[in-house]
Protein chains: 2
Amino acid sequence: MGQQTLPGFRDFYPEEMAARRHLDAAWHAAAAAAGFREIDGPVLESLELFTKKSGDEIVGQLYSFEDKGRRPVALRPEMTPTLARMVAARAGALPKPVKWYSVQRFFRYERPQRGRFREFFQWNVDVVGAPEPAADVDAIAVAVDGLRRLGLGPQDLAVRINDRRFVHELLRGIDVGPEQEAQVLGLIDKLGRDPKAPERLAELLGDRRAGELSGWCENLPLDRAPALGELLEIADESGLRGYLEPDFRIVRGLAYYTGPVWEIFARGASLRSIAGGGRYDGLIATLGGPDLPALGFGMGDAVLTELLAERGLLPDGAPVLDAYVIPVAPEMLASARDVARRLREGGARVDLPYGPVKPRRGLKDANRAGARHAVLVGPDEWADRSVRIRDLTSGSERLVGVDELGASDVLAS
Amino acid sequence: MGQQTLPGFRDFYPEEMAARRHLDAAWHAAAAAAGFREIDGPVLESLELFTKKSGDEIVGQLYSFEDKGRRPVALRPEMTPTLARMVAARAGALPKPVKWYSVQRFFRYERPQRGRFREFFQWNVDVVGAPEPAADVDAIAVAVDGLRRLGLGPQDLAVRINDRRFVHELLRGIDVGPEQEAQVLGLIDKLGRDPKAPERLAELLGDRRAGELSGWCENLPLDRAPALGELLEIADESGLRGYLEPDFRIVRGLAYYTGPVWEIFARGASLRSIAGGGRYDGLIATLGGPDLPALGFGMGDAVLTELLAERGLLPDGAPVLDAYVIPVAPEMLASARDVARRLREGGARVDLPYGPVKPRRGLKDANRAGARHAVLVGPDEWADRSVRIRDLTSGSERLVGVDELGASDVLAS
């Protein structure tokens, strides 16, 4: 038996699953609050769907193979190609803007390391069919709201933002031509992470132009970026003051971004990227879909879970029950089952032993199971059609009639 | 661009996703109500994990390949091997009984047909470490509760149940030896589905023995099955009266079942299996884990979704918003953003246009978006720090102060 998961893959025991669901819940709530609707596609797709999006390092990290029908297939490394296919298939019928999100798993054959897995979970939020900067702000606001619901605020997070059109214009101003742009963007992307990046920029552009570029990194000339200025104003109106920081170093590696690009970082010693997104107006057409403006972001589970754990913002993952039902004598087992059924019908989370137990052992099991109450089913009380409910925090007890057990507030303490 | 999913795979647009989440919610709620805790494992595992469980038709349906590290791997076709691995890794530390569930995706390379997909979603519920028949009933009750929460009751469902120990004993009584048992079980499993099965049973066993067996199918001699009798009694105590039907034809194809086996069928013209489960006491040890008694069931999404659709029990999947905010003049856009932010902070699902719209168009968009209310942000009201909230069902309007918009009941109508 393979006693272990594959390298870079994870088992989720109840404790880890509780943490994952904690993220999920915040993500779903934030997206729904802003009117986004959930979608999903297959985990396995035609290989071709992913290779069409050229210039992408992701293709080298694909889990690809031939299925039993000899079709080249691959596990999805990201959501955008599937989203583009889904939009393309119904482009005419879908009211614009299309506001979709998903919380799903993805696969990349990368070297596993801290905060990076080969199977990971990602929240994707996209707006299709909206050219307005308010749409970019909508996505950023949803990302921030998802993190706010997890306990992270402006003191914890910075949304660093730039605009590819603006970068393009500035680079043209120092005579960086189209043939050099990809390389320069790659080096800008590495500034702050790779100590050799400034040197290589100077080699490529000469000291004067590299100096100018480095000046923009120190202090972004926002007066030359009216589109970014408008976006920042809308962001202010949308409650994002304190989060957004214009930053020339944010260019996003991927070739397909066409407008605002942004990343959310955790403030603090180790500056880690929690989410990244941007506008990709030409991409859906490139993927064979209609020519619609589009933008979106992805937020993964790995770095965020680490950050939340460090800050004590994850649930402890201990079991939680509303009640544990204890038959105080072996002949009370059938009655205990009846009691459990009634409590569950009232909406409570309830467990009970499968066979006779000593009451003392029952109480121990109740505590171990994280029960807030023990419901003691004894012969004397049962003869009066009632049970004893003990609050396991305070130790207080009360008698409750059997017919009241289905009430939704019977275990409110 | 691959404009389509692979055969047997599905895209989930918001409408289909709403149906999937409707099932998920019922499954999660039923499992949690009975004290089960959620787990998950990787979608991709070592091939060896799945091939160890021998005598299983599933192996022939695996999506298997070599990863970039030359490891033989496969997409999971079922949950049990992963569950066994997870139990094995922590067997000593886990309090018994272990009550775990999952709602996840699985993959089988089968011929796609109505109610069967190559990628499907399945609810798995398992109890490990409990030899008591009450544990079998616990699992059955959870399955029934999940279906009850979807609107299906005893008039819609039958839980057909048998016991492998009993089958074994009866077969021994008519001198069916161990070498014939697998073949006979296979034919019993096909009775009622394959018209040739009775004939082949007669060929194999002779008319007398086949006749006896066929008599058990008509009328199960429960007096000779005390274990099954005890289980049925506990099921009655647990509120399952009206669901359970002892049926000798339920033997479950898989070789590893050792005790009670059961399937849930939809009553009605086309008798379709919605869920199946049973006790598999030796399996975890076979898979390399500790020798612990265990049982569980799986319930897939495909047949169930079809059944619910037929009975009108699926949500319609239309979009739902609590409010759509309409700036009644272009200069009110910033105020509209402020209003939307306040409403969302109060917990409401709120959308608004990205740019100026004519109020009439705004109201049309509000209706299309499924909004229950339109919030009209006009210059006169705004000067008084208030907005108009229109109930889009009744058409009634009221003035609400801006500072009240964050209250959780501001949109209660």
# chains A, B, ... in the order shown; residues from 1 in each chain; ligands from 1
call {"tool": "closest_atom_pairs", "arguments": {"of": "chain B", "to": "chain A", "cutoff": "6 Å", "atoms": "only C-alpha atoms", "output": "CSV"}}
result
residue,atom,partner,partner_atom,distance
B:Met1,CA,A:Leu49,CA,5.5
B:Gly2,CA,A:Leu49,CA,5.3
B:Gln3,CA,A:Arg85,CA,5.9
B:Asp11,CA,A:Gly41,CA,4.3
B:Phe12,CA,A:Asp40,CA,4.9
B:Tyr13,CA,A:Ile39,CA,5.1
B:Pro14,CA,A:Ile39,CA,5.2
B:Met17,CA,A:Ile39,CA,5.8
B:Ala32,CA,A:Arg349,CA,6.0
B:Ala33,CA,A:Arg349,CA,3.8
B:Ala34,CA,A:Val350,CA,5.4
B:Gly35,CA,A:Asp351,CA,5.2
B:Arg37,CA,A:Pro14,CA,5.9
B:Glu38,CA,A:Pro14,CA,5.5
B:Ile39,CA,A:Tyr13,CA,5.1
B:Asp40,CA,A:Phe12,CA,4.9
B:Gly41,CA,A:Asp11,CA,4.3
B:Leu49,CA,A:Gly2,CA,5.3
B:Arg85,CA,A:Gln3,CA,5.9
B:Ala134,CA,A:Tyr354,CA,5.2
B:Glu237,CA,A:Ala334,CA,5.8
B:Ser238,CA,A:Arg337,CA,5.5
B:Leu287,CA,A:Met1,CA,5.9
B:Gly288,CA,A:Met1,CA,5.6
B:Ala334,CA,A:Glu237,CA,5.8
B:Arg337,CA,A:Ser238,CA,5.5
B:Asp338,CA,A:Ser238,CA,5.9
B:Arg344,CA,A:Ala33,CA,5.9
B:Ala348,CA,A:Ala33,CA,5.9
B:Arg349,CA,A:Ala33,CA,3.8
B:Val350,CA,A:Ala34,CA,5.4
B:Asp351,CA,A:Gly35,CA,5.2
B:Tyr354,CA,A:Ala134,CA,5.2
call {"tool": "select_by_dssp", "arguments": {"residues": "region 22-173 of chain A", "states": "strand (DSSP E or B)", "output": "PyMOL selection string"}}
result
chain A and resi 37-38+40+44-46+64-66+72-75+98-107+113+116+119-128+157-163
call {"tool": "write_last_selection", "arguments": {"atoms": "N, CA and C atoms", "output": "compact mmCIF listing (two decimals), in the first residue's frame"}}
result
# COMPACT_ATOMS: atom_id res chain seq x y z
N ARG A 37 -21.46 34.77 -9.23
CA ARG A 37 -22.11 33.46 -9.19
C ARG A 37 -21.07 32.36 -9.41
N GLU A 38 -21.28 31.23 -8.74
CA GLU A 38 -20.28 30.17 -8.77
C GLU A 38 -20.41 29.30 -10.02
N ASP A 40 -18.04 25.93 -12.22
CA ASP A 40 -16.93 24.98 -12.16
C ASP A 40 -16.83 24.28 -13.51
N LEU A 44 -10.12 17.57 -15.45
CA LEU A 44 -9.37 17.04 -16.59
C LEU A 44 -9.93 17.65 -17.88
N GLU A 45 -9.02 18.17 -18.72
CA GLU A 45 -9.45 18.82 -19.96
C GLU A 45 -8.54 18.35 -21.11
N SER A 46 -8.94 18.66 -22.33
CA SER A 46 -8.06 18.44 -23.48
C SER A 46 -6.77 19.22 -23.26
N SER A 64 0.14 16.02 -17.80
CA SER A 64 -0.53 15.66 -19.05
C SER A 64 -0.27 14.20 -19.37
N PHE A 65 -1.21 13.57 -20.06
CA PHE A 65 -1.08 12.16 -20.45
C PHE A 65 -2.10 11.84 -21.54
N GLU A 66 -2.09 10.61 -22.01
CA GLU A 66 -3.11 10.16 -22.95
C GLU A 66 -4.12 9.31 -22.20
N PRO A 72 -5.02 13.33 -25.89
CA PRO A 72 -4.08 14.06 -25.02
C PRO A 72 -4.88 14.92 -24.04
N VAL A 73 -4.67 14.68 -22.76
CA VAL A 73 -5.44 15.38 -21.72
C VAL A 73 -4.49 15.93 -20.67
N ALA A 74 -4.99 16.83 -19.83
CA ALA A 74 -4.17 17.38 -18.75
C ALA A 74 -5.05 17.80 -17.59
N LEU A 75 -4.48 17.69 -16.38
CA LEU A 75 -5.15 18.22 -15.20
C LEU A 75 -5.04 19.74 -15.24
N VAL A 98 -20.55 39.42 -17.18
CA VAL A 98 -20.56 38.09 -16.58
C VAL A 98 -19.70 38.17 -15.33
N LYS A 99 -20.29 37.86 -14.17
CA LYS A 99 -19.52 37.89 -12.92
C LYS A 99 -19.53 36.49 -12.33
N TRP A 100 -18.43 35.77 -12.49
CA TRP A 100 -18.35 34.37 -12.09
C TRP A 100 -17.19 34.16 -11.12
N TYR A 101 -17.35 33.19 -10.23
CA TYR A 101 -16.23 32.79 -9.38
C TYR A 101 -16.23 31.28 -9.22
N SER A 102 -15.12 30.76 -8.73
CA SER A 102 -15.03 29.33 -8.40
C SER A 102 -14.02 29.14 -7.27
N VAL A 103 -14.20 28.06 -6.54
CA VAL A 103 -13.25 27.67 -5.47
C VAL A 103 -12.95 26.20 -5.74
N GLN A 104 -11.82 25.92 -6.36
CA GLN A 104 -11.59 24.57 -6.83
C GLN A 104 -10.12 24.17 -6.73
N ARG A 105 -9.85 22.92 -7.14
CA ARG A 105 -8.46 22.44 -7.06
C ARG A 105 -7.77 22.48 -8.41
N PHE A 106 -6.46 22.69 -8.36
CA PHE A 106 -5.62 22.80 -9.55
C PHE A 106 -4.33 22.03 -9.31
N PHE A 107 -3.59 21.78 -10.40
CA PHE A 107 -2.43 20.90 -10.35
C PHE A 107 -1.27 21.50 -11.13
N GLN A 113 7.51 23.12 -2.07
CA GLN A 113 8.26 23.84 -1.04
C GLN A 113 7.25 24.50 -0.11
N ARG A 116 3.90 25.96 -1.22
CA ARG A 116 3.64 25.58 -2.61
C ARG A 116 3.42 24.07 -2.72
N GLU A 119 -0.83 19.95 -5.75
CA GLU A 119 -2.30 20.06 -5.81
C GLU A 119 -2.68 21.17 -4.83
N PHE A 120 -3.36 22.18 -5.35
CA PHE A 120 -3.70 23.30 -4.46
C PHE A 120 -5.11 23.78 -4.78
N PHE A 121 -5.63 24.59 -3.88
CA PHE A 121 -6.98 25.10 -4.02
C PHE A 121 -6.90 26.59 -4.30
N GLN A 122 -7.75 27.05 -5.17
CA GLN A 122 -7.66 28.45 -5.58
C GLN A 122 -9.04 29.04 -5.77
N TRP A 123 -9.16 30.27 -5.30
CA TRP A 123 -10.37 31.07 -5.51
C TRP A 123 -10.13 31.91 -6.75
N ASN A 124 -10.98 31.75 -7.74
CA ASN A 124 -10.89 32.55 -8.96
C ASN A 124 -12.13 33.41 -9.10
N VAL A 125 -11.93 34.68 -9.38
CA VAL A 125 -13.03 35.63 -9.55
C VAL A 125 -12.79 36.37 -10.85
N ASP A 126 -13.77 36.39 -11.73
CA ASP A 126 -13.59 37.02 -13.04
C ASP A 126 -14.80 37.86 -13.44
N VAL A 127 -14.52 38.93 -14.17
CA VAL A 127 -15.58 39.75 -14.76
C VAL A 127 -15.33 39.78 -16.26
N VAL A 128 -16.33 39.40 -17.04
CA VAL A 128 -16.18 39.39 -18.49
C VAL A 128 -17.20 40.33 -19.10
N LEU A 157 -2.39 43.88 5.09
CA LEU A 157 -2.37 43.66 3.65
C LEU A 157 -2.05 44.92 2.87
N ALA A 158 -1.34 44.74 1.76
CA ALA A 158 -1.18 45.83 0.80
C ALA A 158 -1.56 45.30 -0.57
N VAL A 159 -2.38 46.06 -1.29
CA VAL A 159 -2.69 45.73 -2.68
C VAL A 159 -1.80 46.60 -3.55
N ARG A 160 -0.74 46.01 -4.09
CA ARG A 160 0.16 46.78 -4.95
C ARG A 160 -0.34 46.73 -6.37
N ILE A 161 -0.43 47.90 -6.97
CA ILE A 161 -1.11 47.98 -8.26
C ILE A 161 -0.31 48.79 -9.26
N ASN A 162 -0.44 48.40 -10.50
CA ASN A 162 0.20 49.10 -11.60
C ASN A 162 -0.73 48.98 -12.80
N ASP A 163 -0.33 49.47 -13.94
CA ASP A 163 -1.16 49.37 -15.13
C ASP A 163 -0.26 49.07 -16.32
call {"tool": "select_by_dssp", "arguments": {"residues": "region 189-260 of chain A", "states": "helix (DSSP H, G or I)", "output": "PyMOL selection string"}}
result
chain A and resi 189-190+197-205+207-218+222-224+226-237
call {"tool": "write_last_selection", "arguments": {"atoms": "C-alpha atoms", "output": "short mmCIF file (atom, residue, chain, number, x, y, z; two decimals), in the first residue's frame"}}
result
data_model
loop_
_atom_site.label_atom_id
_atom_site.label_comp_id
_atom_site.auth_asym_id
_atom_site.auth_seq_id
_atom_site.Cartn_x
_atom_site.Cartn_y
_atom_site.Cartn_z
CA ASP A 189 8.94 41.57 -12.07
CA LYS A 190 12.10 40.25 -10.37
CA ALA A 197 17.83 42.05 -11.40
CA PRO A 198 18.96 45.75 -11.13
CA GLU A 199 22.37 44.85 -12.53
CA ARG A 200 20.86 42.97 -15.44
CA LEU A 201 18.50 45.85 -16.17
CA ALA A 202 21.49 48.22 -16.28
CA GLU A 203 23.33 45.87 -18.66
CA LEU A 204 20.29 45.68 -20.91
CA LEU A 205 19.23 49.33 -20.94
CA ASP A 207 22.78 53.23 -16.77
CA ARG A 208 20.70 56.25 -17.74
CA ARG A 209 17.55 54.36 -18.77
CA ALA A 210 17.90 51.85 -15.94
CA GLY A 211 18.23 54.78 -13.54
CA GLU A 212 15.05 56.36 -14.86
CA LEU A 213 13.21 53.07 -14.49
CA SER A 214 14.55 52.61 -11.01
CA GLY A 215 13.27 56.10 -10.18
CA TRP A 216 9.73 55.02 -11.18
CA CYS A 217 10.05 52.11 -8.78
CA GLU A 218 10.90 54.53 -5.97
CA LEU A 222 1.01 58.88 -11.17
CA ASP A 223 0.40 62.22 -12.93
CA ARG A 224 1.34 60.41 -16.14
CA PRO A 226 -4.66 58.99 -15.66
CA ALA A 227 -6.29 55.54 -15.99
CA LEU A 228 -4.60 54.33 -12.82
CA GLY A 229 -5.58 57.57 -11.10
CA GLU A 230 -9.24 57.04 -12.02
CA LEU A 231 -9.09 53.47 -10.71
CA LEU A 232 -7.61 54.65 -7.40
CA GLU A 233 -10.41 57.19 -7.03
CA ILE A 234 -13.10 54.53 -7.58
CA ALA A 235 -11.27 52.29 -5.13
CA ASP A 236 -11.45 55.05 -2.52
CA GLU A 237 -15.19 55.38 -3.10
#
call {"tool": "atom_distance", "arguments": {"atom1": "CA of Arg388 (chain A)", "atom2": "CA of Val400 (chain A)"}}
result
6.3 Å
call {"tool": "atom_distance", "arguments": {"atom1": "CA of Pro327 (chain A)", "atom2": "CA of Ile140 (chain B)"}}
result
21.2 Å
call {"tool": "atom_distance", "arguments": {"atom1": "CA of Tyr243 (chain B)", "atom2": "CA of Val357 (chain A)"}}
result
28.5 Å
call {"tool": "residues_around", "arguments": {"residues": "Pro356 (chain B)", "least_positions_apart": "4", "cutoff": "10 Å", "atoms": "only C-alpha atoms", "output": "list of chain:residue names"}}
result
B:Ile326, B:Pro327, B:Val328, B:Ala329, B:Pro330, B:Glu331, B:Met332, B:Leu333, B:Gly362
call {"tool": "residues_around", "arguments": {"residues": "Thr305 (chain B)", "least_positions_apart": "5", "cutoff": "9 Å", "atoms": "only C-alpha atoms", "output": "ChimeraX atom specification"}}
result
/B:19-20,23,115,300,310,314
call {"tool": "decode", "arguments": {"residues": "region 279-399 of chain A", "atoms": "C-alpha atoms", "output": "JSON list (two decimals), in the first residue's frame"}}
result
[["chain", "number", "residue", "atom", "x", "y", "z"],
["A", 279, "ARG", "CA", -7.12, 42.82, -16.84],
["A", 280, "TYR", "CA", -6.66, 40.46, -19.78],
["A", 281, "ASP", "CA", -8.81, 42.02, -22.51],
["A", 282, "GLY", "CA", -7.47, 40.06, -25.49],
["A", 283, "LEU", "CA", -7.15, 36.63, -23.89],
["A", 284, "ILE", "CA", -10.63, 35.18, -24.43],
["A", 285, "ALA", "CA", -10.35, 35.89, -28.16],
["A", 286, "THR", "CA", -6.85, 34.35, -28.21],
["A", 287, "LEU", "CA", -8.32, 31.22, -26.65],
["A", 288, "GLY", "CA", -10.86, 31.03, -29.46],
["A", 289, "GLY", "CA", -13.69, 32.84, -27.69],
["A", 290, "PRO", "CA", -15.41, 36.14, -28.45],
["A", 291, "ASP", "CA", -13.46, 39.39, -28.20],
["A", 292, "LEU", "CA", -14.68, 40.53, -24.79],
["A", 293, "PRO", "CA", -12.86, 42.62, -22.20],
["A", 294, "ALA", "CA", -12.12, 40.59, -19.10],
["A", 295, "LEU", "CA", -10.27, 40.67, -15.79],
["A", 296, "GLY", "CA", -9.89, 38.49, -12.75],
["A", 297, "PHE", "CA", -7.75, 37.23, -9.94],
["A", 298, "GLY", "CA", -6.64, 34.00, -8.30],
["A", 299, "MET", "CA", -6.01, 33.46, -4.59],
["A", 300, "GLY", "CA", -4.46, 30.18, -3.47],
["A", 301, "ASP", "CA", -4.90, 28.34, -0.19],
["A", 302, "ALA", "CA", -1.28, 27.54, 0.70],
["A", 303, "VAL", "CA", 0.38, 30.89, 1.50],
["A", 304, "LEU", "CA", -2.84, 32.25, 2.99],
["A", 305, "THR", "CA", -3.31, 29.27, 5.33],
["A", 306, "GLU", "CA", 0.28, 29.71, 6.58],
["A", 307, "LEU", "CA", -0.29, 33.42, 7.16],
["A", 308, "LEU", "CA", -3.55, 32.83, 9.05],
["A", 309, "ALA", "CA", -1.90, 30.13, 11.18],
["A", 310, "GLU", "CA", 0.97, 32.48, 12.10],
["A", 311, "ARG", "CA", -1.51, 35.15, 13.18],
["A", 312, "GLY", "CA", -3.72, 32.75, 15.15],
["A", 313, "LEU", "CA", -6.62, 33.30, 12.76],
["A", 314, "LEU", "CA", -7.43, 29.68, 11.95],
["A", 315, "PRO", "CA", -10.13, 27.67, 13.75],
["A", 316, "ASP", "CA", -8.53, 25.12, 16.07],
["A", 317, "GLY", "CA", -10.23, 22.28, 14.21],
["A", 318, "ALA", "CA", -11.40, 20.55, 17.36],
["A", 319, "PRO", "CA", -14.59, 18.52, 16.99],
["A", 320, "VAL", "CA", -17.83, 20.34, 17.76],
["A", 321, "LEU", "CA", -21.13, 18.76, 18.76],
["A", 322, "ASP", "CA", -24.24, 20.31, 20.23],
["A", 323, "ALA", "CA", -24.98, 17.24, 22.28],
["A", 324, "TYR", "CA", -23.79, 13.75, 23.15],
["A", 325, "VAL", "CA", -26.60, 11.43, 24.25],
["A", 326, "ILE", "CA", -25.77, 8.96, 27.04],
["A", 327, "PRO", "CA", -27.99, 6.00, 27.91],
["A", 328, "VAL", "CA", -27.35, 5.71, 31.65],
["A", 329, "ALA", "CA", -28.32, 2.00, 31.64],
["A", 330, "PRO", "CA", -28.09, -0.62, 28.87],
["A", 331, "GLU", "CA", -31.88, -0.85, 28.55],
["A", 332, "MET", "CA", -32.02, 2.89, 27.75],
["A", 333, "LEU", "CA", -30.17, 2.49, 24.45],
["A", 334, "ALA", "CA", -33.32, 2.45, 22.32],
["A", 335, "SER", "CA", -34.62, 5.56, 24.11],
["A", 336, "ALA", "CA", -31.25, 7.27, 23.60],
["A", 337, "ARG", "CA", -31.58, 6.63, 19.84],
["A", 338, "ASP", "CA", -35.02, 8.18, 19.89],
["A", 339, "VAL", "CA", -33.65, 11.21, 21.76],
["A", 340, "ALA", "CA", -30.79, 11.64, 19.28],
["A", 341, "ARG", "CA", -33.20, 11.45, 16.35],
["A", 342, "ARG", "CA", -35.44, 14.14, 17.87],
["A", 343, "LEU", "CA", -32.52, 16.48, 18.60],
["A", 344, "ARG", "CA", -31.15, 16.06, 15.07],
["A", 345, "GLU", "CA", -34.55, 16.86, 13.57],
["A", 346, "GLY", "CA", -34.37, 20.15, 15.48],
["A", 347, "GLY", "CA", -31.14, 20.94, 13.63],
["A", 348, "ALA", "CA", -28.61, 19.95, 16.31],
["A", 349, "ARG", "CA", -25.34, 18.07, 15.71],
["A", 350, "VAL", "CA", -25.65, 15.02, 17.94],
["A", 351, "ASP", "CA", -23.73, 11.83, 18.57],
["A", 352, "LEU", "CA", -24.23, 8.83, 20.84],
["A", 353, "PRO", "CA", -22.49, 5.52, 21.57],
["A", 354, "TYR", "CA", -23.25, 2.43, 19.48],
["A", 355, "GLY", "CA", -23.72, 0.22, 22.53],
["A", 356, "PRO", "CA", -24.14, 0.38, 26.30],
["A", 357, "VAL", "CA", -21.59, 2.53, 28.15],
["A", 358, "LYS", "CA", -21.03, 3.38, 31.77],
["A", 359, "PRO", "CA", -22.29, 6.99, 32.34],
["A", 360, "ARG", "CA", -18.79, 8.05, 33.42],
["A", 361, "ARG", "CA", -17.28, 6.75, 30.20],
["A", 362, "GLY", "CA", -20.14, 8.40, 28.31],
["A", 363, "LEU", "CA", -19.31, 11.78, 29.84],
["A", 364, "LYS", "CA", -15.66, 11.33, 28.96],
["A", 365, "ASP", "CA", -16.60, 10.51, 25.36],
["A", 366, "ALA", "CA", -18.92, 13.53, 25.29],
["A", 367, "ASN", "CA", -16.07, 15.84, 26.26],
["A", 368, "ARG", "CA", -13.65, 14.21, 23.84],
["A", 369, "ALA", "CA", -16.21, 14.65, 21.05],
["A", 370, "GLY", "CA", -16.36, 18.39, 21.76],
["A", 371, "ALA", "CA", -19.98, 18.23, 22.91],
["A", 372, "ARG", "CA", -21.44, 21.34, 24.52],
["A", 373, "HIS", "CA", -24.11, 19.30, 26.26],
["A", 374, "ALA", "CA", -24.54, 15.78, 27.57],
["A", 375, "VAL", "CA", -28.08, 14.44, 27.37],
["A", 376, "LEU", "CA", -28.55, 11.78, 30.05],
["A", 377, "VAL", "CA", -31.31, 9.29, 29.30],
["A", 378, "GLY", "CA", -32.17, 7.51, 32.56],
["A", 379, "PRO", "CA", -35.02, 5.15, 33.46],
["A", 380, "ASP", "CA", -36.63, 7.39, 36.10],
["A", 381, "GLU", "CA", -36.70, 10.52, 33.95],
["A", 382, "TRP", "CA", -37.75, 8.50, 30.91],
["A", 383, "ALA", "CA", -40.74, 7.16, 32.84],
["A", 384, "ASP", "CA", -41.76, 10.85, 33.14],
["A", 385, "ARG", "CA", -41.05, 11.39, 29.41],
["A", 386, "SER", "CA", -38.06, 13.59, 30.11],
["A", 387, "VAL", "CA", -34.25, 13.63, 29.97],
["A", 388, "ARG", "CA", -31.52, 15.51, 31.82],
["A", 389, "ILE", "CA", -29.50, 18.00, 29.75],
["A", 390, "ARG", "CA", -26.16, 18.90, 31.29],
["A", 391, "ASP", "CA", -24.26, 21.97, 30.10],
["A", 392, "LEU", "CA", -20.70, 20.63, 29.93],
["A", 393, "THR", "CA", -19.18, 24.10, 30.29],
["A", 394, "SER", "CA", -21.04, 25.27, 33.38],
["A", 395, "GLY", "CA", -21.98, 21.85, 34.73],
["A", 396, "SER", "CA", -25.57, 22.98, 35.25],
["A", 397, "GLU", "CA", -28.40, 20.51, 34.55],
["A", 398, "ARG", "CA", -32.05, 20.83, 33.62],
["A", 399, "LEU", "CA", -34.91, 18.43, 32.96]]
